[in-house]
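For reference, the structure discussed in these notes is given below.
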Amino acid sequence: PSSPPPLSIRVHPTLVPKEHPLASINGVYNAILVEGEPLKQVMFFGPGAGAGATASAVSSDILNLVAALKTSTTTPNPLLSCAHQDYCQIVPMAELITRFYVRFLTKDHPGVIGKLGTCFGKYGVSLESIVQTGFQGELAEIVVVTHDVPEGNFRQALAEIHAQDAIDSIPSLLRVL
């Protein structure tokens, strides 16, 4: 039998276009977006638990885990464990494909934008846009939005960029749907 395709699973803050179905989820509602073949995109949503119920559930999970550790059981409660490795592989984080929004504060030197572009290009990170949006004191604010890229490539480029003398800080970094 052929092995199933690997799963790309992620939970993280993401910038969402206004016209995307996830953008309509507000208030106490939660949503899960599932994308695959042949379904394309399917979304499940409903009301969330709220602060009190969530705190109670988290406390219960922690106490169950502590109980399992204290009793040194080799058969954990199936509700508290995950056995995905028995039937599929999870795509490593470095291989996840996504877009990024990143905001840099840089020293206002000639060629900084060019150096950013060159470094991103070195790691195969294609840029949708790169603009200097203004100044914060003595520092220039530069905003970059990438095209789809493997997260590992983006992180390698970002590490090299962060080490450059002209980069003061990276105050914002978000994935983009």
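Residue numbering restarts at 1 for every chain of the structure tokens, chains are lettered A, B, ... in their displayed order, and ligands are numbered from 1 as they appear.
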
Going by DSSP on the backbone, which bits of region 38-176 of chain A are alpha helix (DSSP H)? Write them as a VMD selection string, please.
chain A and resid 51 to 70 112 to 122 151 to 162

Per residue of region 95-133 of chain A within 7 Å of region 153-163 of chain A, which atom pair is closest and at what distance in Å (one decimal), using only C-alpha atoms, listed by chain and increasing number, as a Markdown table?
```
| residue | atom | partner | partner_atom | distance |
| --- | --- | --- | --- | --- |
| A:Leu116 | CA | A:Ile161 | CA | 6.7 |
| A:Cys119 | CA | A:Ala157 | CA | 6.1 |
| A:Phe120 | CA | A:Ala157 | CA | 5.4 |
| A:Tyr123 | CA | A:Asn153 | CA | 5.5 |
| A:Gly124 | CA | A:Asn153 | CA | 6.8 |
| A:Val125 | CA | A:Phe154 | CA | 6.3 |
```

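CA of Ser169 (chain A) is positioned 17.1 Å from CA of Gly111 (chain A).
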
For Tyr101 (chain A), the closest of A:Ser8, A:Asn26, A:Ser129, A:Ser56 counting only C-alpha atoms is A:Ser129

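Take CA of Leu63 (chain A) and CA of Arg10 (chain A): the distance between them is 25.7 Å.
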
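Minimum distance to Pro150 (chain A) across A:Leu69, A:Ile25, A:Leu96, A:Val91 (counting only C-alpha atoms) occurs at A:Leu96.
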
Taken to one decimal, the CA of Thr98 (chain A)-CA of Gly36 (chain A) distance is 15.3 Å
